[in-house]
$ cat query_38.txt   # compact mmCIF, C-alpha atoms
# COMPACT_ATOMS: atom_id res chain seq x y z
CA MET A 1 44.71 71.67 -16.28
CA ARG A 2 46.93 70.56 -19.18
CA ARG A 3 45.88 66.95 -18.72
CA LEU A 4 42.23 67.98 -18.87
CA HIS A 5 42.93 69.83 -22.15
CA LEU A 6 44.64 66.72 -23.51
CA ASN A 7 41.61 64.65 -22.60
CA ALA A 8 43.72 62.56 -20.22
CA GLY A 9 40.89 62.53 -17.68
CA ASN A 10 41.17 58.91 -16.58
CA GLU A 11 44.89 59.19 -15.96
CA LEU A 12 44.15 62.28 -13.90
CA LEU A 13 41.38 60.65 -11.86
CA GLU A 14 43.72 57.83 -10.85
CA SER A 15 46.52 60.23 -10.01
CA ASP A 16 47.73 60.84 -6.47
CA ILE A 17 47.89 64.57 -7.33
CA LEU A 18 44.19 64.92 -6.59
CA TRP A 19 44.74 63.84 -3.01
CA MET A 20 48.08 65.57 -2.47
CA CYS A 21 46.26 68.87 -3.05
CA VAL A 22 45.29 70.26 0.34
CA SER A 23 43.04 73.05 -1.04
CA CYS A 24 45.42 75.84 0.02
CA GLU A 25 43.93 77.86 -2.89
CA THR A 26 47.25 79.45 -3.85
CA CYS A 27 46.75 78.33 -7.46
CA SER A 28 43.26 79.88 -7.68
CA ALA A 29 44.43 83.10 -6.04
CA ARG A 30 47.40 83.51 -8.38
CA CYS A 31 46.12 82.09 -11.71
CA PRO A 32 46.60 84.86 -14.31
CA MET A 33 43.65 83.47 -16.30
CA GLY A 34 41.37 83.54 -13.26
CA ILE A 35 40.75 79.78 -13.27
CA ASP A 36 39.47 78.38 -9.97
CA VAL A 37 41.93 75.50 -9.99
CA ALA A 38 41.09 74.50 -6.40
CA GLY A 39 37.41 74.27 -7.41
CA VAL A 40 38.37 72.05 -10.36
CA MET A 41 40.33 69.82 -7.95
CA ASP A 42 37.25 69.46 -5.70
CA ALA A 43 35.15 68.49 -8.75
CA LEU A 44 37.77 65.97 -9.93
CA ARG A 45 37.97 64.39 -6.48
CA LYS A 46 34.21 63.86 -6.43
CA LEU A 47 34.34 62.40 -9.93
CA ALA A 48 37.20 60.08 -8.96
CA LEU A 49 35.24 58.84 -5.95
CA SER A 50 32.00 58.30 -7.86
CA ARG A 51 33.83 56.33 -10.56
CA GLY A 52 35.87 54.39 -8.05
CA ALA A 53 38.97 55.49 -9.94
CA SER A 54 40.73 56.78 -6.88
CA LYS A 55 44.16 55.41 -6.04
CA GLN A 56 46.17 57.28 -3.50
CA GLU A 57 48.86 56.77 -0.95
CA GLY A 58 47.47 58.54 2.09
CA ASN A 59 43.84 57.43 1.68
CA VAL A 60 42.40 60.90 2.12
CA PRO A 61 38.85 59.75 1.21
CA LEU A 62 38.93 57.39 4.20
CA PHE A 63 40.09 60.26 6.41
CA ASN A 64 37.29 62.48 5.09
CA LYS A 65 34.74 59.71 5.62
CA ALA A 66 35.92 59.09 9.20
CA PHE A 67 35.86 62.85 9.91
CA LEU A 68 32.35 63.37 8.52
CA LYS A 69 30.98 60.23 10.21
CA THR A 70 31.85 61.65 13.64
CA VAL A 71 30.18 64.94 12.67
CA GLU A 72 27.07 63.07 11.51
CA VAL A 73 26.83 61.11 14.76
CA PHE A 74 27.93 63.70 17.33
CA GLY A 75 27.25 67.03 15.59
CA ARG A 76 30.84 68.08 16.24
CA THR A 77 34.17 66.51 15.34
CA TYR A 78 35.20 63.70 17.68
CA GLU A 79 38.89 63.24 17.05
CA MET A 80 39.40 60.05 19.07
CA ALA A 81 36.83 58.14 17.02
CA MET A 82 37.96 59.74 13.76
CA ILE A 83 41.63 58.89 14.31
CA THR A 84 40.82 55.34 15.43
CA ALA A 85 38.60 54.68 12.40
CA TYR A 86 41.23 56.10 10.05
CA LYS A 87 44.08 54.17 11.63
CA LEU A 88 42.14 50.89 11.58
CA GLY A 89 41.29 51.49 7.93
CA THR A 90 44.86 52.26 6.85
CA GLY A 91 46.69 49.85 9.14
CA LYS A 92 49.02 52.69 10.19
CA LEU A 93 48.21 51.97 13.81
CA MET A 94 51.48 53.02 15.37
CA ASN A 95 51.95 56.39 13.65
CA ASP A 96 52.02 59.31 16.10
CA THR A 97 51.08 57.11 19.09
CA GLU A 98 54.09 58.40 21.04
CA LYS A 99 52.53 61.89 21.02
CA PHE A 100 49.21 60.74 22.37
CA PRO A 101 49.92 60.71 26.15
CA THR A 102 51.34 64.26 26.05
CA MET A 103 48.41 65.53 24.00
CA LEU A 104 45.96 63.92 26.39
CA ARG A 105 47.76 65.39 29.42
CA LYS A 106 47.77 68.85 27.85
CA GLY A 107 44.08 68.58 26.99
CA LYS A 108 44.89 68.79 23.28
CA ILE A 109 42.71 65.79 22.62
CA SER A 110 39.53 64.70 24.40
CA LEU A 111 38.62 61.17 25.40
CA LEU A 112 34.90 61.82 25.22
CA PRO A 113 32.84 63.43 22.44
CA SER A 114 31.21 66.84 22.85
CA LEU A 115 27.45 66.44 22.88
CA GLY A 116 26.35 70.08 23.09
CA GLY A 117 25.62 70.47 19.38
CA ASP A 118 22.28 70.46 17.57
CA ARG A 119 22.62 66.86 16.39
CA LYS A 120 19.09 66.75 14.97
CA THR A 121 19.80 69.39 12.31
CA VAL A 122 23.16 67.86 11.41
CA LYS A 123 21.57 64.40 10.95
CA ARG A 124 18.94 66.01 8.73
CA ILE A 125 21.66 67.69 6.61
CA PHE A 126 23.47 64.39 6.07
CA LYS A 127 20.21 62.57 5.26
CA LYS A 128 19.13 65.21 2.74
CA THR A 129 22.58 65.42 1.15
CA LYS A 130 22.69 61.64 0.68
CA GLN A 131 19.22 61.72 -0.91
CA ASN A 132 20.23 64.45 -3.32
CA LYS A 133 23.51 62.87 -4.38
CA GLY A 134 23.93 63.14 -8.10
CA ALA A 135 21.96 66.39 -8.28
CA GLY A 136 24.95 67.60 -10.28
CA ILE A 137 25.72 70.73 -8.26
CA MET B 1 30.39 95.42 21.91
CA LYS B 2 28.53 92.15 21.50
CA TYR B 3 29.11 89.30 19.04
CA ALA B 4 28.00 85.74 18.41
CA TYR B 5 31.20 83.74 18.87
CA TYR B 6 31.51 80.48 16.96
CA PRO B 7 34.36 78.53 18.65
CA GLY B 8 34.59 75.56 16.22
CA CYS B 9 35.30 71.95 17.15
CA SER B 10 39.04 72.37 17.70
CA ALA B 11 38.26 74.80 20.54
CA GLU B 12 37.27 71.71 22.50
CA SER B 13 40.42 69.74 21.69
CA THR B 14 43.62 70.71 19.82
CA ALA B 15 43.00 74.46 20.09
CA ARG B 16 41.74 74.87 23.65
CA ASP B 17 44.58 77.37 24.08
CA MET B 18 43.26 79.45 21.16
CA HIS B 19 39.76 79.36 22.63
CA GLN B 20 40.90 80.23 26.16
CA SER B 21 43.13 83.08 25.02
CA THR B 22 40.45 84.48 22.68
CA LEU B 23 37.91 84.65 25.49
CA ALA B 24 40.45 86.10 27.95
CA VAL B 25 41.53 88.82 25.50
CA ALA B 26 37.91 89.61 24.60
CA ALA B 27 36.94 89.97 28.27
CA SER B 28 39.95 92.17 28.96
CA LEU B 29 39.05 94.52 26.09
CA GLY B 30 35.35 94.64 26.97
CA ILE B 31 34.17 92.50 24.03
CA GLU B 32 31.15 90.36 24.81
CA MET B 33 31.20 86.95 23.11
CA ILE B 34 28.06 84.82 23.15
CA GLU B 35 28.22 81.22 21.92
CA PRO B 36 25.26 80.25 19.75
CA LYS B 37 23.39 77.46 21.52
CA GLY B 38 23.89 74.06 19.91
CA TRP B 39 26.57 75.13 17.42
CA THR B 40 27.83 72.30 15.22
CA CYS B 41 30.82 71.47 12.98
CA CYS B 42 31.46 73.57 9.84
CA GLY B 43 32.49 70.47 7.84
CA ALA B 44 36.03 71.76 7.27
CA THR B 45 38.10 70.38 4.37
CA ALA B 46 36.43 66.97 4.47
CA GLY B 47 33.08 68.65 3.78
CA HIS B 48 34.04 70.59 0.68
CA GLN B 49 36.04 67.69 -0.76
CA THR B 50 32.94 65.54 -0.50
CA ASP B 51 29.80 67.46 -1.47
CA ARG B 52 29.03 71.12 -2.26
CA VAL B 53 25.62 71.17 -0.58
CA LEU B 54 26.94 69.45 2.55
CA ALA B 55 29.87 71.89 2.63
CA ALA B 56 27.53 74.91 2.56
CA ALA B 57 24.73 73.44 4.72
CA LEU B 58 26.93 72.60 7.73
CA PRO B 59 28.07 76.25 8.21
CA ALA B 60 24.58 77.51 7.29
CA ALA B 61 23.02 75.52 10.16
CA ASN B 62 25.11 77.71 12.50
CA LEU B 63 24.72 80.96 10.59
CA VAL B 64 20.93 80.72 10.66
CA LYS B 65 21.08 80.31 14.46
CA ILE B 66 23.26 83.43 14.63
CA LYS B 67 20.83 85.31 12.38
CA ASP B 68 18.18 84.68 15.05
CA MET B 69 20.51 86.26 17.62
CA GLY B 70 20.73 89.42 15.49
CA LEU B 71 24.53 89.65 15.91
CA ASP B 72 27.63 89.47 13.72
CA CYS B 73 29.37 86.10 13.73
CA VAL B 74 32.93 86.16 15.09
CA VAL B 75 35.26 83.25 14.40
CA ASN B 76 38.88 82.77 15.43
CA CYS B 77 39.62 79.44 13.72
CA ALA B 78 40.83 80.30 10.22
CA ALA B 79 39.32 77.09 8.80
CA CYS B 80 35.84 77.71 10.23
CA TYR B 81 36.07 81.37 9.19
CA ASN B 82 36.86 80.30 5.64
CA ARG B 83 34.05 77.73 5.42
CA MET B 84 31.50 80.20 6.84
CA LYS B 85 32.50 82.88 4.34
CA VAL B 86 32.50 80.51 1.38
CA ALA B 87 29.10 79.10 2.42
CA ASN B 88 27.63 82.62 2.69
CA HIS B 89 29.05 83.53 -0.72
CA GLU B 90 27.68 80.42 -2.44
CA ILE B 91 24.26 80.67 -0.81
CA ALA B 92 24.00 84.35 -1.77
CA THR B 93 25.15 83.90 -5.38
CA GLU B 94 23.96 80.43 -6.46
CA SER B 95 20.21 79.87 -6.29
CA GLU B 96 20.46 76.10 -6.69
CA ILE B 97 22.89 75.82 -3.76
CA ARG B 98 20.64 78.05 -1.67
CA ARG B 99 17.55 75.94 -2.45
CA ASN B 100 19.35 72.71 -1.54
CA VAL B 101 20.94 74.18 1.60
CA CYS B 102 17.61 75.53 2.88
CA ASP B 103 16.02 72.15 2.23
CA ALA B 104 18.85 70.42 4.11
CA ILE B 105 18.75 72.69 7.18
CA GLY B 106 14.96 72.97 7.16
CA ARG B 107 15.06 76.77 7.35
CA ASP B 108 15.32 79.65 4.92
CA TYR B 109 18.74 81.30 4.89
CA ASP B 110 20.01 83.95 2.47
CA GLY B 111 23.73 84.11 3.32
CA SER B 112 23.40 87.52 4.97
CA VAL B 113 24.99 87.06 8.42
CA LYS B 114 28.20 89.04 8.61
CA VAL B 115 31.16 86.74 9.34
CA ARG B 116 34.21 88.38 10.92
CA HIS B 117 37.52 87.04 12.07
CA PHE B 118 38.45 87.96 15.64
CA ILE B 119 41.50 89.81 14.27
CA GLU B 120 39.19 91.96 12.13
CA VAL B 121 37.16 92.81 15.23
CA LEU B 122 40.33 93.74 17.10
CA LEU B 123 41.66 95.94 14.29
CA GLU B 124 38.43 97.48 12.99
CA ASP B 125 36.09 97.68 15.99
CA ILE B 126 38.53 98.08 18.90
CA GLY B 127 41.40 99.72 17.03
CA LEU B 128 45.16 99.64 17.47
CA GLU B 129 45.21 102.81 19.53
CA LYS B 130 42.96 101.38 22.22
CA ILE B 131 44.86 98.07 22.19
CA SER B 132 48.24 99.82 22.54
CA SER B 133 47.02 101.86 25.46
CA ALA B 134 45.74 98.70 27.20
CA ILE B 135 49.16 96.98 27.02
CA ARG B 136 50.64 96.54 30.48
CA GLN B 137 53.58 94.27 29.69
CA PRO B 138 55.09 95.19 26.33
CA LEU B 139 56.91 92.32 24.62
CA LYS B 140 59.84 94.55 23.79
CA GLY B 141 62.61 92.83 21.88
CA LEU B 142 60.50 89.81 20.91
CA LYS B 143 60.98 88.96 17.24
CA VAL B 144 57.80 87.44 15.87
CA ALA B 145 57.28 85.81 12.48
CA CYS B 146 53.59 86.35 11.67
CA TYR B 147 52.25 83.36 9.79
CA TYR B 148 48.86 83.65 8.07
CA GLY B 149 48.76 80.38 6.12
CA CYS B 150 46.03 79.76 3.57
CA LEU B 151 42.53 79.92 4.95
CA LEU B 152 42.62 83.43 6.39
CA VAL B 153 43.55 85.04 3.10
CA ARG B 154 42.31 82.74 0.33
CA PRO B 155 40.28 82.78 -1.85
CA PRO B 156 40.80 86.58 -1.67
CA LYS B 157 37.59 87.48 -3.54
CA VAL B 158 35.48 85.60 -1.02
CA VAL B 159 37.25 86.09 2.32
CA ASN B 160 38.47 89.60 1.55
CA PHE B 161 40.87 89.57 4.51
CA ASP B 162 43.81 91.95 4.19
CA ASP B 163 46.33 91.74 1.31
CA PRO B 164 46.38 88.07 0.19
CA GLU B 165 50.10 88.07 -0.69
CA ASN B 166 51.52 90.31 2.03
CA PRO B 167 49.01 90.57 4.87
CA LYS B 168 49.87 92.87 7.79
CA SER B 169 47.04 92.42 10.32
CA LEU B 170 48.97 90.14 12.69
CA ASP B 171 52.10 92.25 12.22
CA LYS B 172 50.19 95.36 13.33
CA LEU B 173 48.97 93.59 16.46
CA VAL B 174 52.50 92.37 17.30
CA LYS B 175 53.76 95.96 17.00
CA ALA B 176 50.90 97.18 19.21
CA ILE B 177 52.02 94.68 21.88
CA GLY B 178 55.51 96.16 21.67
CA GLY B 179 57.12 93.26 19.77
CA GLU B 180 58.94 93.27 16.47
CA ALA B 181 57.13 91.73 13.48
CA ILE B 182 59.98 90.48 11.31
CA GLU B 183 59.90 90.61 7.52
CA TRP B 184 59.94 87.10 6.08
CA PRO B 185 58.73 85.58 2.82
CA TYR B 186 56.61 82.62 4.00
CA LYS B 187 53.65 84.46 5.53
CA VAL B 188 51.07 82.84 3.25
CA GLU B 189 52.75 79.52 2.43
CA CYS B 190 50.85 76.31 3.15
CA CYS B 191 51.72 74.03 6.11
CA GLY B 192 49.95 70.99 4.66
CA GLY B 193 46.76 71.57 6.67
CA GLY B 194 44.46 68.59 6.76
CA LEU B 195 47.08 66.17 5.40
CA SER B 196 48.67 65.95 8.87
CA LEU B 197 47.52 62.38 9.47
CA SER B 198 47.04 61.06 5.95
CA ARG B 199 50.29 62.38 4.44
CA THR B 200 52.51 63.15 7.41
CA ASP B 201 55.56 63.06 5.10
CA VAL B 202 54.19 66.03 3.11
CA VAL B 203 53.39 68.02 6.26
CA VAL B 204 56.85 67.32 7.74
CA ASN B 205 58.41 68.57 4.52
CA LEU B 206 56.33 71.77 4.32
CA THR B 207 56.60 72.66 8.01
CA ASP B 208 60.36 72.02 7.88
CA SER B 209 60.78 74.69 5.22
CA ILE B 210 58.49 77.20 7.01
CA LEU B 211 60.26 76.70 10.36
CA GLY B 212 63.66 76.87 8.65
CA MET B 213 62.76 80.18 7.01
CA ALA B 214 61.45 81.61 10.29
CA LYS B 215 64.61 80.55 12.09
CA SER B 216 66.96 81.99 9.49
CA SER B 217 64.91 85.21 9.47
CA GLY B 218 65.69 85.54 13.18
CA ALA B 219 62.27 84.74 14.69
CA ASP B 220 61.97 83.96 18.42
CA CYS B 221 58.50 82.55 17.83
CA ILE B 222 55.83 82.20 15.14
CA ALA B 223 52.41 83.80 15.69
CA VAL B 224 49.43 82.04 14.08
CA SER B 225 45.68 82.26 14.03
CA CYS B 226 44.75 78.87 12.64
CA PRO B 227 44.52 75.68 14.76
CA MET B 228 45.71 73.49 11.90
CA CYS B 229 48.80 75.63 11.29
CA GLN B 230 49.49 75.67 15.03
CA VAL B 231 49.27 71.90 15.43
CA ASN B 232 51.29 71.14 12.30
CA LEU B 233 54.09 73.61 13.07
CA ASP B 234 54.19 72.76 16.80
CA LEU B 235 53.65 69.00 16.81
CA ARG B 236 55.75 68.15 13.76
CA GLN B 237 58.96 69.71 15.11
CA GLN B 238 59.74 66.43 16.86
CA ASP B 239 59.19 64.48 13.61
CA ILE B 240 61.43 66.90 11.71
CA LYS B 241 64.12 66.36 14.36
CA LYS B 242 63.81 62.59 13.99
CA GLU B 243 64.03 62.68 10.21
CA THR B 244 66.47 65.51 9.55
CA SER B 245 68.12 66.08 12.96
CA ARG B 246 67.13 69.74 12.63
CA ASP B 247 65.90 70.78 16.07
CA TYR B 248 64.12 74.11 15.70
CA GLN B 249 62.51 74.54 19.14
CA ILE B 250 60.51 77.52 17.86
CA PRO B 251 57.37 78.12 19.92
CA ILE B 252 54.19 78.38 17.82
CA VAL B 253 51.82 80.70 19.65
CA TYR B 254 48.40 82.08 18.86
CA ILE B 255 48.32 85.84 18.32
CA THR B 256 45.65 85.96 21.05
CA GLN B 257 48.14 84.36 23.47
CA LEU B 258 50.72 87.05 22.73
CA LEU B 259 48.14 89.79 22.99
CA GLY B 260 46.92 88.32 26.28
CA LEU B 261 50.44 88.42 27.73
CA GLY B 262 50.74 92.05 26.71
CA LEU B 263 47.43 92.80 28.38
CA GLY B 264 48.81 91.33 31.60
CA ILE B 265 46.80 88.08 31.59
CA SER B 266 48.51 85.06 33.22
CA SER B 267 50.18 82.55 30.91
CA LYS B 268 48.14 79.73 32.45
CA LYS B 269 44.86 81.45 31.62
CA LEU B 270 46.12 81.85 28.06
CA GLY B 271 46.89 78.14 27.71
CA PHE B 272 50.68 78.46 27.31
CA ASN B 273 51.07 75.15 29.20
CA LYS B 274 49.38 73.38 26.28
CA LEU B 275 52.06 74.12 23.69
CA MET B 276 54.21 71.15 22.64
CA VAL B 277 57.31 73.33 22.12
CA PRO B 278 57.38 75.42 25.31
CA ALA B 279 57.36 79.20 24.84
CA SER B 280 59.87 79.68 27.64
CA ASN B 281 61.77 82.41 25.76
CA VAL B 282 58.54 84.43 25.35
CA LEU B 283 57.51 83.97 28.99
CA GLU B 284 61.01 84.85 30.21
CA LEU B 285 60.80 88.12 28.30
CA VAL B 286 57.45 88.91 29.93
CA ARG B 287 58.92 88.19 33.39
CA ARG B 288 61.80 90.56 32.67
CA SER B 289 59.39 93.17 31.36
CA ALA B 290 57.33 92.85 34.57
CA ASP B 291 60.47 93.13 36.75
CA GLU B 292 61.41 96.30 34.97
CA GLY B 293 57.99 97.70 35.74
CA GLY B 294 56.14 97.12 32.48
CA LYS B 295 56.26 100.28 30.44
CA VAL B 296 59.46 101.65 31.98
CA GLU B 297 61.67 100.44 29.17
CA VAL B 298 59.43 101.93 26.50
CA SER B 299 59.13 105.32 28.17
CA SER B 300 62.87 105.54 28.87
CA ASN B 301 63.46 105.12 25.14
CA GLY B 302 60.66 107.44 24.16
$ encode --input "query_38.txt" --output "structure tokens"
Amino acid sequence: MRRLHLNAGNELLESDILWMCVSCETCSARCPMGIDVAGVMDALRKLALSRGASKQEGNVPLFNKAFLKTVEVFGRTYEMAMITAYKLGTGKLMNDTEKFPTMLRKGKISLLPSLGGDRKTVKRIFKKTKQNKGAGI
Amino acid sequence: MKYAYYPGCSAESTARDMHQSTLAVAASLGIEMIEPKGWTCCGATAGHQTDRVLAAALPAANLVKIKDMGLDCVVNCAACYNRMKVANHEIATESEIRRNVCDAIGRDYDGSVKVRHFIEVLLEDIGLEKISSAIRQPLKGLKVACYYGCLLVRPPKVVNFDDPENPKSLDKLVKAIGGEAIEWPYKVECCGGGLSLSRTDVVVNLTDSILGMAKSSGADCIAVSCPMCQVNLDLRQQDIKKETSRDYQIPIVYITQLLGLGLGISSKKLGFNKLMVPASNVLELVRRSADEGGKVEVSSNG
């Protein structure tokens, strides 16, 4: 918030802080001035993405994109595709692979996507949202 | 008692155990849960970090289906619960969001469907008295650290779930099952949530301090109600061991799994076999409780 006051917006948009924030909302819940800091972080992230100013270690935007793409296609999250897309994009192919067989055996991850969702409505939502981008909400 | 039950995507993968135990507990207590046909993803963190209309429209597509069913919406995943409540709040209070959401889902929706967490249903609609009297295998002597995390309690003005700094809902349920809900200071700390894959280092760090605090507070297990908290706290114990050589071995169980055990439901039905850190200490206690004839120990003390 101090950087915003100091008009250090560009420095902020390039900062990893934006993507280290996991939206736990503790700051908003406890701010004595009632500022919705988590809401400000969401707005800054969108601004950083639209200006291409984003530089971050974990590549959260790629994770978000991979997550939402599976929702757009299948109507529900499909973790196998999401994780593969994210890993290919980051090059961190070997991270967590040792856990995979156990998770598969325990049914904690599915090989196939779930197709029971109303995919038509979800596709419509994504289409409309893309059309309205920049509506400034 | 009849509700529209929104399972959420993780019910079909990482949180099958939460889903299974929720349905088993509901059936045992006479709660009817009906899945809305064709339910879809709520958008989770990725949604609200990307676009406000998308983040409200994805939950709204489900809520409008539930409105047609004429029932309250019950959710057990803390993340879905949070997104549904926030979407309702924004649709009801911001006309521009509502207009865009209705356009996106192709239906009119006013944000009026009541969204409840399964814990709220248990405490408010069933009641602790009825739950206590249904307990067949009290988990006497089990020390449980109740962990609420972020999404159940924040933002407090929107979710309005219990006290946001010192919630007691899970603690009350643990006591009703006959266990001991320990006092500890990290009930509403953050586990790192959605950063599990993108910033594993951050999640390892945060979960290490939560697990450490639970251990030093004397917990036998941690009870959660959020699939992301469960996965992070359960799965990352092996990474913490690799990096710090601290080997916690604390089972991370869903509150519905504990409640199910108390109600006399088999551990297999409750998905205990799916936990990465086995809850053998919890199951051993239940076996002993059963050998001693369930309520015997409680009545002999009472």
$ atom_distance --input "query_38.txt" --atom1 "atom CA of Leu170 of chain B" --atom2 "atom CA of Tyr147 of chain B"
8.1 Å
$ residues_around --input "query_38.txt" --residues "segment 5-10 of chain B" --least-positions-apart "3" --cutoff "8 Å" --atoms "all atoms listed in the file" --output "list in words"
Arg76 and Thr77 of chain A; Ser13, Thr14, Ala15, Arg16, His19, Met33, Ile34, Glu35, Pro36, Trp39, Thr40, Cys41, Cys42, Cys73, Val74, Val75, Asn76, Cys77, Cys80 and Pro227 of chain B
$ residues_near_point --input "query_38.txt" --point "(34.0, 71.0, -0.7)" --cutoff "12 Å" --atoms "only C-alpha atoms" --output "number ranges by chain"
A: 22-23, 38-46, 64, 137; B: 42-59, 82-83, 86-87, 90
$ closest_residue --input "query_38.txt" --among "B:Pro155, B:Gly193, B:Gly212, B:Gly141" --to "Asp247 of chain B" --atoms "all atoms listed in the file"
B:Gly212
$ residues_near_point --input "query_38.txt" --point "(46.6, 88.6, -5.6)" --cutoff "8 Å" --atoms "only C-alpha atoms" --output "number ranges by chain"
A: 29-30; B: 156, 163-165
$ atom_distance --input "query_38.txt" --atom1 "atom CA of Ile255 of chain B" --atom2 "atom CA of Leu152 of chain B"
13.4 Å
$ residues_around --input "query_38.txt" --residues "Val204 of chain B" --least-positions-apart "5" --cutoff "9 Å" --atoms "all atoms listed in the file" --output "JSON, numbers by chain"
{"B": [191, 192, 196, 199, 209, 232, 233, 236, 237, 239, 240, 243]}
$ closest_residue --input "query_38.txt" --among "B:Leu263, B:Ile177, B:Ile252, B:Val158" --to "Glu25 of chain A" --atoms "only C-alpha atoms"
B:Val158
$ closest_residue --input "query_38.txt" --among "A:Gly52, A:Pro113, A:Leu104, A:Asn95" --to "Glu79 of chain A" --atoms "only C-alpha atoms"
A:Pro113
$ atom_distance --input "query_38.txt" --atom1 "atom CA of Ser21 of chain B" --atom2 "atom CA of Gln257 of chain B"
5.4 Å
$ build_atoms --input "query_38.txt" --residues "segment 103-114 of chain A" --atoms "N, CA and C atoms" --output "mmCIF file, in the frame of the given file"
data_model
loop_
_atom_site.group_PDB
_atom_site.id
_atom_site.type_symbol
_atom_site.label_atom_id
_atom_site.label_comp_id
_atom_site.auth_asym_id
_atom_site.auth_seq_id
_atom_site.Cartn_x
_atom_site.Cartn_y
_atom_site.Cartn_z
ATOM 1 N N MET A 103 49.558 64.762 24.480
ATOM 2 C CA MET A 103 48.410 65.530 24.000
ATOM 3 C C MET A 103 47.215 65.383 24.939
ATOM 4 N N LEU A 104 47.061 64.181 25.462
ATOM 5 C CA LEU A 104 45.960 63.920 26.390
ATOM 6 C C LEU A 104 46.170 64.710 27.690
ATOM 7 N N ARG A 105 47.418 64.677 28.178
ATOM 8 C CA ARG A 105 47.760 65.390 29.420
ATOM 9 C C ARG A 105 47.549 66.885 29.267
ATOM 10 N N LYS A 106 47.892 67.416 28.083
ATOM 11 C CA LYS A 106 47.770 68.850 27.850
ATOM 12 C C LYS A 106 46.349 69.256 27.449
ATOM 13 N N GLY A 107 45.455 68.281 27.374
ATOM 14 C CA GLY A 107 44.080 68.580 26.990
ATOM 15 C C GLY A 107 43.957 68.952 25.529
ATOM 16 N N LYS A 108 44.931 68.478 24.711
ATOM 17 C CA LYS A 108 44.890 68.790 23.280
ATOM 18 C C LYS A 108 44.031 67.781 22.528
ATOM 19 N N ILE A 109 43.609 66.755 23.237
ATOM 20 C CA ILE A 109 42.710 65.790 22.620
ATOM 21 C C ILE A 109 41.768 65.295 23.729
ATOM 22 N N SER A 110 40.494 65.091 23.381
ATOM 23 C CA SER A 110 39.530 64.700 24.400
ATOM 24 C C SER A 110 39.177 63.230 24.278
ATOM 25 N N LEU A 111 39.007 62.577 25.427
ATOM 26 C CA LEU A 111 38.620 61.170 25.400
ATOM 27 C C LEU A 111 37.154 61.012 24.997
ATOM 28 N N LEU A 112 36.341 61.945 25.463
ATOM 29 C CA LEU A 112 34.900 61.820 25.220
ATOM 30 C C LEU A 112 34.415 62.835 24.174
ATOM 31 N N PRO A 113 33.362 62.487 23.442
ATOM 32 C CA PRO A 113 32.840 63.430 22.440
ATOM 33 C C PRO A 113 32.091 64.583 23.098
ATOM 34 N N SER A 114 31.985 65.705 22.371
ATOM 35 C CA SER A 114 31.210 66.840 22.850
ATOM 36 C C SER A 114 29.780 66.655 22.360
#
